[in-house]
Structures are given as C-alpha cells and as structure tokens.
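Structure file entry01.pdb; described as PDB, C-alpha atoms and all ligand atoms.
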```
ATOM      1  CA  MET A 258      -2.591  19.011 -21.915  1.00  0.00           C
ATOM      2  CA  ALA A 259       0.651  17.582 -23.187  1.00  0.00           C
ATOM      3  CA  LEU A 260       1.744  15.141 -25.796  1.00  0.00           C
ATOM      4  CA  ILE A 261       3.441  12.010 -24.615  1.00  0.00           C
ATOM      5  CA  LYS A 262       4.987   9.175 -26.539  1.00  0.00           C
ATOM      6  CA  CYS A 263       3.001   6.005 -26.635  1.00  0.00           C
ATOM      7  CA  PRO A 264       5.173   3.417 -24.873  1.00  0.00           C
ATOM      8  CA  GLU A 265       3.963   0.805 -27.309  1.00  0.00           C
ATOM      9  CA  CYS A 266       4.386   2.427 -30.736  1.00  0.00           C
ATOM     10  CA  SER A 267       6.045   5.797 -29.924  1.00  0.00           C
ATOM     11  CA  THR A 268       3.211   7.790 -31.522  1.00  0.00           C
ATOM     12  CA  ASP A 269       2.589  11.260 -30.037  1.00  0.00           C
ATOM     13  CA  VAL A 270      -0.563  10.897 -27.951  1.00  0.00           C
ATOM     14  CA  SER A 271      -2.340  13.387 -25.719  1.00  0.00           C
ATOM     15  CA  ASP A 272      -1.852  12.494 -22.071  1.00  0.00           C
ATOM     16  CA  GLN A 273      -5.589  13.067 -21.711  1.00  0.00           C
ATOM     17  CA  ALA A 274      -6.365  10.424 -24.307  1.00  0.00           C
ATOM     18  CA  GLU A 275      -7.734   7.218 -22.923  1.00  0.00           C
ATOM     19  CA  GLN A 276      -5.770   5.136 -25.347  1.00  0.00           C
ATOM     20  CA  CYS A 277      -3.328   5.454 -28.197  1.00  0.00           C
ATOM     21  CA  PRO A 278      -5.227   6.157 -31.445  1.00  0.00           C
ATOM     22  CA  HIS A 279      -2.625   4.142 -33.301  1.00  0.00           C
ATOM     23  CA  CYS A 280      -2.272   0.922 -31.324  1.00  0.00           C
ATOM     24  CA  ALA A 281      -5.010   1.336 -28.676  1.00  0.00           C
ATOM     25  CA  TYR A 282      -2.473   1.188 -25.858  1.00  0.00           C
ATOM     26  CA  PRO A 283      -4.281   2.344 -22.676  1.00  0.00           C
ATOM     27  CA  ILE A 284      -2.676   5.739 -21.961  1.00  0.00           C
ATOM     28  CA  LYS A 285      -4.967   7.303 -19.397  1.00  0.00           C
ATOM     29  CA  ALA A 286      -5.842   4.041 -17.702  1.00  0.00           C
ATOM     30  CA  LYS A 287      -2.156   3.492 -16.964  1.00  0.00           C
ATOM     31  CA  HIS A 288      -1.902   7.009 -15.505  1.00  0.00           C
ATOM     32  CA  GLU A 289      -4.927   6.592 -13.277  1.00  0.00           C
ATOM     33  CA  VAL A 290      -4.217   3.081 -12.073  1.00  0.00           C
ATOM     34  CA  LYS A 291      -1.034   4.351 -10.468  1.00  0.00           C
ATOM     35  CA  GLU A 292       0.378   3.370  -7.110  1.00  0.00           C
ATOM     36  CA  PRO A 293      -2.234   4.960  -4.779  1.00  0.00           C
ATOM     37  CA  ILE A 294      -4.252   1.761  -4.694  1.00  0.00           C
ATOM     38  CA  VAL A 295      -1.163  -0.343  -4.000  1.00  0.00           C
ATOM     39  CA  VAL A 296       0.055   2.151  -1.392  1.00  0.00           C
ATOM     40  CA  ALA A 297      -3.348   2.177   0.250  1.00  0.00           C
ATOM     41  CA  LYS A 298      -3.362  -1.599   0.356  1.00  0.00           C
ATOM     42  CA  GLU A 299       0.151  -1.684   1.792  1.00  0.00           C
ATOM     43  CA  GLY A 300      -0.727   0.988   4.313  1.00  0.00           C
ATOM     44  CA  CYS A 301      -3.804  -0.932   5.334  1.00  0.00           C
ATOM     45  CA  PHE A 302      -1.851  -4.151   5.575  1.00  0.00           C
ATOM     46  CA  LEU A 303       0.928  -2.531   7.610  1.00  0.00           C
ATOM     47  CA  GLN A 304      -1.607  -0.833   9.836  1.00  0.00           C
ATOM     48  CA  THR A 305      -3.342  -4.163  10.468  1.00  0.00           C
ATOM     49  CA  LEU A 306       0.013  -5.810  11.068  1.00  0.00           C
ATOM     50  CA  ASN A 307       1.065  -3.053  13.476  1.00  0.00           C
ATOM     51  CA  THR A 308      -2.220  -3.224  15.361  1.00  0.00           C
ATOM     52  CA  GLY A 309      -1.957  -7.004  15.587  1.00  0.00           C
ATOM     53  CA  CYS A 310       1.661  -6.826  16.726  1.00  0.00           C
ATOM     54  CA  MET A 311       0.855  -4.215  19.330  1.00  0.00           C
ATOM     55  CA  LEU A 312      -2.045  -6.277  20.660  1.00  0.00           C
ATOM     56  CA  ILE A 313       0.096  -9.418  20.843  1.00  0.00           C
ATOM     57  CA  ALA A 314       3.059  -7.525  22.329  1.00  0.00           C
ATOM     58  CA  GLY A 315       0.767  -5.847  24.841  1.00  0.00           C
ATOM     59  CA  PHE A 316      -0.797  -9.187  25.796  1.00  0.00           C
ATOM     60  CA  ILE A 317       2.569 -10.920  26.197  1.00  0.00           C
ATOM     61  CA  GLY A 318       3.920  -7.908  28.086  1.00  0.00           C
ATOM     62  CA  SER A 319       0.950  -7.997  30.471  1.00  0.00           C
ATOM     63  CA  VAL A 320       1.373 -11.737  31.083  1.00  0.00           C
ATOM     64  CA  ILE A 321       5.105 -11.366  31.784  1.00  0.00           C
ATOM     65  CA  LEU A 322       4.494  -8.350  34.006  1.00  0.00           C
ATOM     66  CA  PHE A 323       1.759 -10.238  35.861  1.00  0.00           C
ATOM     67  CA  ALA A 324       4.040 -13.264  36.314  1.00  0.00           C
ATOM     68  CA  ILE A 325       6.881 -11.100  37.646  1.00  0.00           C
ATOM     69  CA  LEU A 326       4.547  -9.227  39.980  1.00  0.00           C
ATOM     70  CA  SER A 327       2.971 -12.428  41.361  1.00  0.00           C
ATOM     71  CA  LYS A 328       6.423 -13.937  41.982  1.00  0.00           C
ATOM     72  CA  ALA A 329       7.548 -10.748  43.705  1.00  0.00           C
ATOM     73  CA  CYS A 330       4.432 -10.727  45.895  1.00  0.00           C
ATOM     74  CA  ASN A 331       4.834 -14.402  46.893  1.00  0.00           C
ATOM     75  CA  HIS A 332       8.185 -13.659  48.422  1.00  0.00           C
TER      76      HIS A 332
HETATM   77 ZN    ZN A 401       0.484   3.431 -29.559  1.00  0.00          ZN
END
```
Show this structure as structure tokens.
Amino acid sequence: MALIKCPECSTDVSDQAEQCPHCAYPIKAKHEVKEPIVVAKEGCFLQTLNTGCMLIAGFIGSVILFAILSKACNH
C-alpha cells in the first residue's frame, strides 16, 4: 500500500483508495481501467482481421492456382 499524488489536486492518496478524499478524483478506477481492455479489443480486432485476410488470401490463391493449373492442363 503506497501513497500516490492525486493527479487532480496533488493530495497524498492511498493507491488502494477508490477516489481522492479531497477532490473525489477516481484513483483506483483509473488504475483498474488500464489498457488490458483496449489491448484485448485490439488483439481481437487484429485476430479477426488476420483470419479474414488469410481466408481471402487463401481463396484468391486457390483461384489463381486453379486457373494456372487448368491452363497448363489445356495445353
Ligand atoms: Zn484529489
């Protein structure tokens, strides 16, 4: 348990406190609502994007490969 400075009024506040007792600035809420949620969202988004790209790339690759193979066979 440590004391941190309130970013709003510079009062010493426990980092376990939910909010600054002086100005009610949300101390703990800010600590908990960190990046994990954003990172998770980004990871999810990138994962979806990657999966979509791989599906599209795989589909296009198959079509091109099929076209090349059919042309080669028609010779
Ligand atoms: Zn404060």
So that I can check the surroundings of Ile261 in chain A, please list as a PyMOL selection string every protein, DNA and RNA residue that reaches within 12 Å of it, counting only C-alpha atoms and ignoring chain neighbours fewer than 5 positions away. chain A and resi 266-274+276-277+284-285+288
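Between ligand ZN 401 (chain A) and the residues A:Cys310, A:Ala329, A:Met258, A:Ala281, the shortest atom-to-atom distance, using all atoms listed in the file, involves A:Ala281.
Distances from A:Met311, A:Cys330, A:Cys263, A:Leu322 to Tyr282 in chain A were compared using only C-alpha atoms, and the smallest one belongs to A:Cys263.
Atom to atom, CA of Ile313 in chain A and CA of Lys328 in chain A stand 22.5 Å apart.
Note that CA of Pro283 in chain A and CA of Leu260 in chain A are 14.5 Å apart.
Between CA of Leu303 in chain A and CA of Phe316 in chain A there is a distance of 19.4 Å.
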